[in-house]
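Undergrad: Just so it is clear, I am handing over model.cif, which has mmCIF, C-alpha atoms; chains and numbers go by the auth columns.
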data_target
loop_
_atom_site.group_PDB
_atom_site.id
_atom_site.type_symbol
_atom_site.label_atom_id
_atom_site.label_comp_id
_atom_site.label_asym_id
_atom_site.label_seq_id
_atom_site.Cartn_x
_atom_site.Cartn_y
_atom_site.Cartn_z
_atom_site.B_iso_or_equiv
_atom_site.auth_seq_id
_atom_site.auth_asym_id
ATOM 1 C CA MET A 1 -32.267 84.544 118.850 0.00 520 A
ATOM 2 C CA LYS A 2 -35.752 85.703 119.618 0.00 521 A
ATOM 3 C CA LYS A 3 -38.464 83.231 118.764 0.00 522 A
ATOM 4 C CA ARG A 4 -40.457 84.500 115.829 0.00 523 A
ATOM 5 C CA SER A 5 -44.175 84.947 116.341 0.00 524 A
ATOM 6 C CA ASN A 6 -46.525 82.706 114.414 0.00 525 A
ATOM 7 C CA ALA A 7 -49.265 85.367 114.644 0.00 526 A
ATOM 8 C CA PRO A 8 -48.838 86.707 111.062 0.00 527 A
ATOM 9 C CA PHE A 9 -49.458 83.223 109.666 0.00 528 A
ATOM 10 C CA PHE A 10 -52.805 82.847 111.462 0.00 529 A
ATOM 11 C CA TRP A 11 -53.695 86.412 110.667 0.00 530 A
ATOM 12 C CA LEU A 12 -53.056 85.766 106.971 0.00 531 A
ATOM 13 C CA LEU A 13 -55.385 82.746 107.001 0.00 532 A
ATOM 14 C CA PHE A 14 -57.966 84.847 108.858 0.00 533 A
ATOM 15 C CA GLY A 15 -57.750 87.656 106.313 0.00 534 A
ATOM 16 C CA ALA A 16 -57.823 85.395 103.257 0.00 535 A
ATOM 17 C CA GLY A 17 -60.754 83.420 104.656 0.00 536 A
ATOM 18 C CA GLY A 18 -62.544 86.651 105.554 0.00 537 A
ATOM 19 C CA VAL A 19 -62.315 87.981 102.012 0.00 538 A
ATOM 20 C CA LEU A 20 -63.262 84.665 100.399 0.00 539 A
ATOM 21 C CA SER A 21 -66.270 84.144 102.678 0.00 540 A
ATOM 22 C CA ALA A 22 -67.335 87.774 102.222 0.00 541 A
ATOM 23 C CA LEU A 23 -67.276 87.332 98.432 0.00 542 A
ATOM 24 C CA LEU A 24 -68.648 83.790 98.071 0.00 543 A
ATOM 25 C CA GLY A 25 -70.257 82.809 101.396 0.00 544 A
ATOM 26 C CA SER A 26 -73.773 84.104 100.724 0.00 545 A
ATOM 27 C CA ALA A 27 -73.975 82.615 97.213 0.00 546 A
ATOM 28 C CA LEU A 28 -72.613 79.235 98.353 0.00 547 A
ATOM 29 C CA VAL A 29 -75.029 78.977 101.300 0.00 548 A
ATOM 30 C CA LEU A 30 -77.884 79.929 98.973 0.00 549 A
ATOM 31 C CA ILE A 31 -76.861 77.323 96.360 0.00 550 A
ATOM 32 C CA THR A 32 -75.970 74.355 98.572 0.00 551 A
ATOM 33 C CA GLY A 33 -78.314 74.948 101.503 0.00 552 A
ATOM 34 C CA LEU A 34 -81.479 76.444 100.013 0.00 553 A
ATOM 35 C CA ALA A 35 -81.754 76.543 96.194 0.00 554 A
ATOM 36 C CA THR A 36 -80.661 72.943 95.552 0.00 555 A
ATOM 37 C CA PRO A 37 -82.599 71.211 98.382 0.00 556 A
ATOM 38 C CA LEU A 38 -85.747 73.212 97.526 0.00 557 A
ATOM 39 C CA GLY A 39 -85.223 73.041 93.749 0.00 558 A
ATOM 40 C CA LEU A 40 -85.504 76.837 93.564 0.00 559 A
ATOM 41 C CA GLY A 41 -83.948 78.069 90.322 0.00 560 A
ATOM 42 C CA LEU A 42 -81.655 75.042 90.244 0.00 561 A
ATOM 43 C CA HIS A 43 -82.556 71.463 89.354 0.00 562 A
ATOM 44 C CA SER A 44 -82.858 69.236 92.389 0.00 563 A
ATOM 45 C CA ASP A 45 -80.117 67.044 90.866 0.00 564 A
ATOM 46 C CA PHE A 46 -77.763 70.035 90.668 0.00 565 A
ATOM 47 C CA MET A 47 -75.664 68.393 93.370 0.00 566 A
ATOM 48 C CA SER A 48 -76.307 64.804 92.291 0.00 567 A
ATOM 49 C CA TYR A 49 -73.575 62.236 92.960 0.00 568 A
ATOM 50 C CA PRO A 50 -72.205 62.053 89.373 0.00 569 A
ATOM 51 C CA ARG A 51 -72.042 65.862 89.099 0.00 570 A
ATOM 52 C CA MET A 52 -70.378 66.407 92.472 0.00 571 A
ATOM 53 C CA LEU A 53 -67.995 63.515 91.922 0.00 572 A
ATOM 54 C CA ALA A 54 -66.929 64.972 88.571 0.00 573 A
ATOM 55 C CA PHE A 55 -66.575 68.418 90.170 0.00 574 A
ATOM 56 C CA SER A 56 -64.396 67.087 92.982 0.00 575 A
ATOM 57 C CA GLN A 57 -62.295 64.946 90.647 0.00 576 A
ATOM 58 C CA ASN A 58 -61.526 67.958 88.502 0.00 577 A
ATOM 59 C CA PHE A 59 -58.297 69.650 89.532 0.00 578 A
ATOM 60 C CA ILE A 60 -59.854 73.114 89.778 0.00 579 A
ATOM 61 C CA GLY A 61 -63.038 71.886 91.452 0.00 580 A
ATOM 62 C CA LYS A 62 -61.051 69.926 94.014 0.00 581 A
ATOM 63 C CA GLY A 63 -58.873 72.925 94.784 0.00 582 A
ATOM 64 C CA PHE A 64 -61.917 75.167 95.089 0.00 583 A
ATOM 65 C CA VAL A 65 -63.670 72.860 97.582 0.00 584 A
ATOM 66 C CA PHE A 66 -60.486 72.512 99.642 0.00 585 A
ATOM 67 C CA VAL A 67 -59.711 76.239 99.709 0.00 586 A
ATOM 68 C CA VAL A 68 -63.298 77.152 100.656 0.00 587 A
ATOM 69 C CA ILE A 69 -63.452 74.665 103.535 0.00 588 A
ATOM 70 C CA ALA A 70 -59.944 75.351 104.862 0.00 589 A
ATOM 71 C CA LEU A 71 -60.035 79.141 104.653 0.00 590 A
ATOM 72 C CA PHE A 72 -63.605 79.418 106.006 0.00 591 A
ATOM 73 C CA ALA A 73 -62.589 77.176 108.929 0.00 592 A
ATOM 74 C CA TRP A 74 -59.345 79.056 109.762 0.00 593 A
ATOM 75 C CA HIS A 75 -61.032 82.448 109.411 0.00 594 A
ATOM 76 C CA ALA A 76 -63.837 81.412 111.781 0.00 595 A
ATOM 77 C CA ALA A 77 -61.493 79.715 114.262 0.00 596 A
ATOM 78 C CA HIS A 78 -59.223 82.769 114.523 0.00 597 A
ATOM 79 C CA ARG A 79 -62.124 85.178 114.882 0.00 598 A
ATOM 80 C CA ILE A 80 -63.971 83.054 117.460 0.00 599 A
ATOM 81 C CA PHE A 81 -60.736 82.584 119.447 0.00 600 A
ATOM 82 C CA HIS A 82 -60.217 86.334 119.715 0.00 601 A
ATOM 83 C CA SER A 83 -63.894 86.988 120.511 0.00 602 A
ATOM 84 C CA LEU A 84 -63.907 84.554 123.438 0.00 603 A
ATOM 85 C CA HIS A 85 -62.119 87.234 125.432 0.00 604 A
ATOM 86 C CA ASP A 86 -65.105 89.539 124.881 0.00 605 A
ATOM 87 C CA VAL A 87 -67.555 87.068 126.398 0.00 606 A
ATOM 88 C CA GLY A 88 -65.433 86.509 129.496 0.00 607 A
ATOM 89 C CA ILE A 89 -63.441 83.436 128.485 0.00 608 A
ATOM 90 C CA PRO A 90 -59.739 84.231 128.901 0.00 609 A
ATOM 91 C CA HIS A 91 -57.221 83.236 126.258 0.00 610 A
ATOM 92 C CA GLY A 92 -55.491 80.006 127.076 0.00 611 A
ATOM 93 C CA THR A 93 -54.269 76.740 125.726 0.00 612 A
ATOM 94 C CA PRO A 94 -57.649 74.940 125.979 0.00 613 A
ATOM 95 C CA SER A 95 -59.530 77.588 123.989 0.00 614 A
ATOM 96 C CA LYS A 96 -56.673 77.761 121.487 0.00 615 A
ATOM 97 C CA ILE A 97 -56.760 73.997 120.954 0.00 616 A
ATOM 98 C CA MET A 98 -60.556 74.020 120.631 0.00 617 A
ATOM 99 C CA CYS A 99 -60.595 76.837 118.044 0.00 618 A
ATOM 100 C CA TYR A 100 -57.548 76.155 115.897 0.00 619 A
ATOM 101 C CA GLY A 101 -57.892 72.411 116.459 0.00 620 A
ATOM 102 C CA SER A 102 -61.371 72.447 114.917 0.00 621 A
ATOM 103 C CA ALA A 103 -60.001 74.246 111.850 0.00 622 A
ATOM 104 C CA LEU A 104 -57.138 71.765 111.592 0.00 623 A
ATOM 105 C CA VAL A 105 -59.529 68.797 111.811 0.00 624 A
ATOM 106 C CA MET A 106 -61.791 70.248 109.107 0.00 625 A
ATOM 107 C CA THR A 107 -58.772 70.918 106.876 0.00 626 A
ATOM 108 C CA LEU A 108 -57.422 67.384 107.322 0.00 627 A
ATOM 109 C CA VAL A 109 -60.820 65.699 106.822 0.00 628 A
ATOM 110 C CA ALA A 110 -61.381 67.739 103.648 0.00 629 A
ATOM 111 C CA ALA A 111 -57.880 66.963 102.326 0.00 630 A
ATOM 112 C CA PHE A 112 -58.192 63.258 103.132 0.00 631 A
ATOM 113 C CA SER A 113 -61.654 62.989 101.532 0.00 632 A
ATOM 114 C CA LEU A 114 -60.675 64.921 98.418 0.00 633 A
ATOM 115 C CA LEU A 115 -57.604 62.725 97.929 0.00 634 A
ATOM 116 C CA ARG A 116 -59.772 59.647 98.457 0.00 635 A
ATOM 117 C CA ILE A 117 -62.161 60.848 95.731 0.00 636 A
ATOM 118 C CA GLY A 118 -59.187 60.833 93.391 0.00 637 A
ATOM 119 C CA PHE A 119 -58.273 62.700 90.234 0.00 638 A
ATOM 120 C CA TYR A 120 -59.743 62.370 86.824 0.00 639 A
ATOM 121 C CA MET B 1 -46.522 85.414 162.577 0.00 412 B
ATOM 122 C CA LYS B 2 -49.872 83.864 161.900 0.00 413 B
ATOM 123 C CA SER B 3 -50.357 82.042 158.666 0.00 414 B
ATOM 124 C CA GLN B 4 -52.435 83.942 156.163 0.00 415 B
ATOM 125 C CA ILE B 5 -54.218 80.758 155.144 0.00 416 B
ATOM 126 C CA ASP B 6 -56.024 80.433 158.497 0.00 417 B
ATOM 127 C CA VAL B 7 -57.539 83.868 158.224 0.00 418 B
ATOM 128 C CA LYS B 8 -60.975 83.764 156.743 0.00 419 B
ATOM 129 C CA THR B 9 -61.239 86.740 154.496 0.00 420 B
ATOM 130 C CA VAL B 10 -64.202 89.026 154.610 0.00 421 B
ATOM 131 C CA ARG B 11 -63.015 91.028 151.618 0.00 422 B
ATOM 132 C CA ARG B 12 -65.399 90.964 148.716 0.00 423 B
ATOM 133 C CA PRO B 13 -63.522 92.773 145.994 0.00 424 B
ATOM 134 C CA TYR B 14 -65.696 94.204 143.251 0.00 425 B
ATOM 135 C CA VAL B 15 -65.347 92.270 140.040 0.00 426 B
ATOM 136 C CA ARG B 16 -66.934 94.018 137.134 0.00 427 B
ATOM 137 C CA PRO B 17 -69.365 91.552 135.529 0.00 428 B
ATOM 138 C CA MET B 18 -68.687 90.518 131.942 0.00 429 B
ATOM 139 C CA ALA B 19 -72.172 89.338 131.016 0.00 430 B
ATOM 140 C CA GLY B 20 -73.873 91.599 128.530 0.00 431 B
ATOM 141 C CA TRP B 21 -71.322 94.451 128.811 0.00 432 B
ATOM 142 C CA TRP B 22 -71.857 95.261 125.147 0.00 433 B
ATOM 143 C CA LYS B 23 -75.653 95.456 125.218 0.00 434 B
ATOM 144 C CA GLY B 24 -75.967 99.066 126.322 0.00 435 B
ATOM 145 C CA ASN B 25 -73.974 100.584 123.482 0.00 436 B
ATOM 146 C CA ALA B 26 -75.020 100.449 119.823 0.00 437 B
ATOM 147 C CA PHE B 27 -71.367 100.508 118.696 0.00 438 B
ATOM 148 C CA PHE B 28 -70.542 97.408 120.738 0.00 439 B
ATOM 149 C CA VAL B 29 -73.764 95.666 119.691 0.00 440 B
ATOM 150 C CA ARG B 30 -72.666 96.097 116.063 0.00 441 B
ATOM 151 C CA TYR B 31 -69.210 94.828 117.016 0.00 442 B
ATOM 152 C CA MET B 32 -70.599 91.684 118.651 0.00 443 B
ATOM 153 C CA VAL B 33 -72.999 90.982 115.770 0.00 444 B
ATOM 154 C CA ARG B 34 -70.065 91.389 113.363 0.00 445 B
ATOM 155 C CA GLU B 35 -67.877 88.990 115.317 0.00 446 B
ATOM 156 C CA ALA B 36 -70.760 86.508 115.740 0.00 447 B
ATOM 157 C CA THR B 37 -70.864 85.971 111.968 0.00 448 B
ATOM 158 C CA ALA B 38 -67.694 83.898 112.463 0.00 449 B
ATOM 159 C CA VAL B 39 -69.879 81.253 114.119 0.00 450 B
ATOM 160 C CA ALA B 40 -71.962 81.031 110.925 0.00 451 B
ATOM 161 C CA VAL B 41 -68.812 80.700 108.807 0.00 452 B
ATOM 162 C CA TRP B 42 -67.577 77.966 111.180 0.00 453 B
ATOM 163 C CA ILE B 43 -70.877 76.046 110.989 0.00 454 B
ATOM 164 C CA TYR B 44 -70.959 76.280 107.197 0.00 455 B
ATOM 165 C CA ALA B 45 -67.364 75.045 106.946 0.00 456 B
ATOM 166 C CA LEU B 46 -68.425 72.091 109.109 0.00 457 B
ATOM 167 C CA VAL B 47 -71.479 71.394 106.893 0.00 458 B
ATOM 168 C CA LEU B 48 -69.226 71.354 103.819 0.00 459 B
ATOM 169 C CA THR B 49 -66.597 69.213 105.558 0.00 460 B
ATOM 170 C CA VAL B 50 -69.220 66.576 106.392 0.00 461 B
ATOM 171 C CA GLY B 51 -70.454 66.821 102.785 0.00 462 B
ATOM 172 C CA VAL B 52 -67.008 66.179 101.312 0.00 463 B
ATOM 173 C CA LEU B 53 -66.459 63.332 103.775 0.00 464 B
ATOM 174 C CA ARG B 54 -69.765 61.720 102.698 0.00 465 B
ATOM 175 C CA LEU B 55 -68.931 62.276 99.025 0.00 466 B
ATOM 176 C CA GLY B 56 -65.691 60.374 99.521 0.00 467 B
ATOM 177 C CA GLN B 57 -67.605 57.501 101.138 0.00 468 B
ATOM 178 C CA GLY B 58 -69.678 56.804 98.039 0.00 469 B
ATOM 179 C CA GLU B 59 -73.072 57.399 96.456 0.00 470 B
ATOM 180 C CA ALA B 60 -75.275 56.113 99.304 0.00 471 B
ATOM 181 C CA ALA B 61 -73.474 58.265 101.884 0.00 472 B
ATOM 182 C CA TRP B 62 -73.669 61.312 99.614 0.00 473 B
ATOM 183 C CA ASN B 63 -77.411 60.839 99.025 0.00 474 B
ATOM 184 C CA GLY B 64 -77.877 60.643 102.790 0.00 475 B
ATOM 185 C CA TRP B 65 -76.169 64.021 103.121 0.00 476 B
ATOM 186 C CA LEU B 66 -78.361 65.462 100.346 0.00 477 B
ATOM 187 C CA ASP B 67 -81.479 64.215 102.152 0.00 478 B
ATOM 188 C CA ALA B 68 -80.269 65.756 105.408 0.00 479 B
ATOM 189 C CA MET B 69 -79.844 69.073 103.576 0.00 480 B
ATOM 190 C CA LYS B 70 -83.562 68.879 102.664 0.00 481 B
ATOM 191 C CA SER B 71 -84.710 68.566 106.301 0.00 482 B
ATOM 192 C CA PRO B 72 -86.604 71.518 107.818 0.00 483 B
ATOM 193 C CA LEU B 73 -83.852 71.834 110.444 0.00 484 B
ATOM 194 C CA SER B 74 -81.159 72.192 107.776 0.00 485 B
ATOM 195 C CA LEU B 75 -83.259 74.581 105.691 0.00 486 B
ATOM 196 C CA SER B 76 -83.912 76.884 108.655 0.00 487 B
ATOM 197 C CA LEU B 77 -80.250 76.665 109.666 0.00 488 B
ATOM 198 C CA HIS B 78 -79.167 77.704 106.175 0.00 489 B
ATOM 199 C CA LEU B 79 -81.622 80.595 106.212 0.00 490 B
ATOM 200 C CA VAL B 80 -79.889 81.852 109.375 0.00 491 B
ATOM 201 C CA LEU B 81 -76.477 81.167 107.799 0.00 492 B
ATOM 202 C CA LEU B 82 -77.474 83.135 104.696 0.00 493 B
ATOM 203 C CA VAL B 83 -78.494 86.176 106.747 0.00 494 B
ATOM 204 C CA SER B 84 -75.259 85.906 108.769 0.00 495 B
ATOM 205 C CA MET B 85 -73.170 85.670 105.604 0.00 496 B
ATOM 206 C CA VAL B 86 -74.807 88.819 104.223 0.00 497 B
ATOM 207 C CA VAL B 87 -74.075 90.606 107.519 0.00 498 B
ATOM 208 C CA HIS B 88 -70.494 89.295 107.352 0.00 499 B
ATOM 209 C CA THR B 89 -70.044 90.605 103.794 0.00 500 B
ATOM 210 C CA TYR B 90 -71.566 93.984 104.625 0.00 501 B
ATOM 211 C CA SER B 91 -69.547 94.462 107.828 0.00 502 B
ATOM 212 C CA TRP B 92 -66.290 93.083 106.394 0.00 503 B
ATOM 213 C CA PHE B 93 -66.169 95.859 103.805 0.00 504 B
ATOM 214 C CA GLU B 94 -67.734 98.395 106.175 0.00 505 B
ATOM 215 C CA ILE B 95 -64.701 98.181 108.475 0.00 506 B
ATOM 216 C CA MET B 96 -62.196 97.694 105.666 0.00 507 B
ATOM 217 C CA PRO B 97 -61.103 101.373 105.687 0.00 508 B
ATOM 218 C CA LYS B 98 -59.866 100.717 109.238 0.00 509 B
ATOM 219 C CA THR B 99 -58.381 97.265 108.682 0.00 510 B
ATOM 220 C CA MET B 100 -56.415 97.830 105.485 0.00 511 B
ATOM 221 C CA ALA B 101 -53.241 99.840 105.057 0.00 512 B
ATOM 222 C CA PRO B 102 -53.847 103.415 103.836 0.00 513 B
ATOM 223 C CA MET B 103 -53.790 103.608 100.058 0.00 514 B
ATOM 224 C CA VAL B 104 -52.574 106.747 98.334 0.00 515 B
ATOM 225 C CA ILE B 105 -53.566 107.450 94.741 0.00 516 B
ATOM 226 C CA ASN B 106 -52.271 110.615 92.995 0.00 517 B
ATOM 227 C CA GLY B 107 -51.129 112.057 96.305 0.00 518 B
ATOM 228 C CA GLU B 108 -54.554 111.680 97.889 0.00 519 B
ATOM 229 C CA ARG B 109 -55.561 109.120 100.425 0.00 520 B
ATOM 230 C CA LEU B 110 -58.304 106.799 99.192 0.00 521 B
ATOM 231 C CA SER B 111 -61.449 107.791 101.094 0.00 522 B
ATOM 232 C CA ALA B 112 -63.280 105.407 103.417 0.00 523 B
ATOM 233 C CA GLU B 113 -66.453 105.656 101.318 0.00 524 B
ATOM 234 C CA ARG B 114 -64.571 104.677 98.157 0.00 525 B
ATOM 235 C CA ILE B 115 -63.097 101.594 99.845 0.00 526 B
ATOM 236 C CA GLN B 116 -66.462 100.531 101.249 0.00 527 B
ATOM 237 C CA ARG B 117 -68.365 101.061 98.005 0.00 528 B
ATOM 238 C CA THR B 118 -65.723 99.197 96.004 0.00 529 B
ATOM 239 C CA GLY B 119 -65.859 96.258 98.411 0.00 530 B
ATOM 240 C CA TRP B 120 -69.648 96.055 98.410 0.00 531 B
ATOM 241 C CA SER B 121 -69.749 96.332 94.600 0.00 532 B
ATOM 242 C CA VAL B 122 -67.176 93.565 94.118 0.00 533 B
ATOM 243 C CA ALA B 123 -69.120 91.393 96.581 0.00 534 B
ATOM 244 C CA ALA B 124 -72.391 92.010 94.707 0.00 535 B
ATOM 245 C CA VAL B 125 -70.755 91.104 91.391 0.00 536 B
ATOM 246 C CA ALA B 126 -69.197 87.953 92.922 0.00 537 B
ATOM 247 C CA PHE B 127 -72.620 86.960 94.298 0.00 538 B
ATOM 248 C CA VAL B 128 -74.358 87.325 90.920 0.00 539 B
ATOM 249 C CA VAL B 129 -71.526 85.677 88.944 0.00 540 B
ATOM 250 C CA THR B 130 -71.457 82.667 91.307 0.00 541 B
ATOM 251 C CA LEU B 131 -75.215 82.158 90.968 0.00 542 B
ATOM 252 C CA LEU B 132 -75.028 82.559 87.165 0.00 543 B
ATOM 253 C CA LEU B 133 -72.183 80.016 86.962 0.00 544 B
ATOM 254 C CA ALA B 134 -74.311 77.570 88.973 0.00 545 B
ATOM 255 C CA VAL B 135 -77.316 78.043 86.657 0.00 546 B
ATOM 256 C CA TRP B 136 -75.225 77.867 83.475 0.00 547 B
ATOM 257 C CA SER B 137 -73.421 74.716 84.630 0.00 548 B
ATOM 258 C CA GLN B 138 -76.754 72.877 84.349 0.00 549 B
ATOM 259 C CA ALA B 139 -77.210 73.556 80.653 0.00 550 B
#
Rewrite the coordinates I just gave you, this time as C-alpha cells.
TA:
Amino acid sequence: MKKRSNAPFFWLLFGAGGVLSALLGSALVLITGLATPLGLGLHSDFMSYPRMLAFSQNFIGKGFVFVVIALFAWHAAHRIFHSLHDVGIPHGTPSKIMCYGSALVMTLVAAFSLLRIGFY
Amino acid sequence: MKSQIDVKTVRRPYVRPMAGWWKGNAFFVRYMVREATAVAVWIYALVLTVGVLRLGQGEAAWNGWLDAMKSPLSLSLHLVLLVSMVVHTYSWFEIMPKTMAPMVINGERLSAERIQRTGWSVAAVAFVVTLLLAVWSQA
C-alpha cells in the first residue's frame, strides 16, 4: 500500500494558524507588547500575575493561550520552511527539523507550562 | 582509459545566482514581504511561549517577563511585529480568492473582491472586539 502523505496535516495547521493570526495577531501584539507595557488604554496591571494566573487556570483561557501559541508556531514554521527554497536554501531534513522542530518545542513548552499552572 | 578524477576541469558552468532574484519585480517583492510576515508570527509565538513558561514558574519569573516587555528593545520589536501582523492580515485575505476553493452562490461564482472585502471586514471586527474585550475585562 502506498504510504499516505502527511502534507495535508501540516497544511491544515498552516491554514488554521494563518486565519487565527490574521484575525487576532495585530490585536494581541498591540495588547501584550505595546498597550500593557506602556499603560496605553489599559492599566499597567492588566497582565499582573493574579490576573494572568486566573486567566490561564480557566479552562477557556488555558485553551485560548495554547491554541494561539501552537497554531501561530505551526503556521510560521510551515511558511518559513517553504520560503527557504526562495532564498536559496534547498529543502532537506535539517531545514525541516529546524522549522517544524521549533514549532513542536513551542507547543510542548506551552502545553507543559499550562498543565503546570493547573486548573481552577 | 584515464580516470576522470585526475582531470582538472576548466568548465565553469553558469549558475544563476539566487540572491535578490525577487527585487526587480514588484509582484515578487510583494510575495517576499507577504512570506516574511511568517517570521513575525514565529517571533511572537516564541515571545508568548517564554511568557507562559515564566508564568508557570511563579510570580517572580512572571514579573521578570513583564519587565522585559517594557524594555525599549521589546517595545521596538513589538512595533515591528504589529506592522508585520497588519501586513499579514491584509495579504492573507488579499490572496484568499486564489487560495480558497471556488464558492458558488445562486449559480454565480463569488467574486474575488467580495471574498477580499469580507475577509478584511471580519478581521477589522475581530481587531476591535478583541481590544474591547481587553478593556472591558478590567472593569
Undergrad: Starting from the PyMOL selection byres ((chain A) within 8 of (chain B)), expand the selection into actual residues of this file and give them as a count of residues only.
TA: 46
Undergrad: Between atom CA of A:His610 and atom CA of A:Ala526, what distance in Å does the model show, to one decimal?
TA: 14.2 Å
Undergrad: Give the answer as one residue: which of B:Pro508, B:Val440, B:Leu484, B:Trp476 has the shortest atom-to-atom distance to B:Thr529, using all atoms listed in the file?
TA: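 Result for the nearest residue to B:Thr529: B:Pro508.
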Undergrad: Rounded to one decimal place, report the atom CA of A:Cys618-atom CA of B:Arg445 distance in Å.
TA: 18.0 Å
Undergrad: To one decimal place in Å, what is the distance between atom CA of A:Trp593 and atom CA of A:Leu531?
TA: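 Result for atom CA of A:Trp593 versus atom CA of A:Leu531: 9.6 Å, one decimal.
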Undergrad: Using all atoms listed in the file, can you tell me which of A:Met617, A:Ala622, A:Leu603, A:Leu634 comes closest to A:Leu590?
TA: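 Among the listed residues, A:Ala622 lies closest to A:Leu590.
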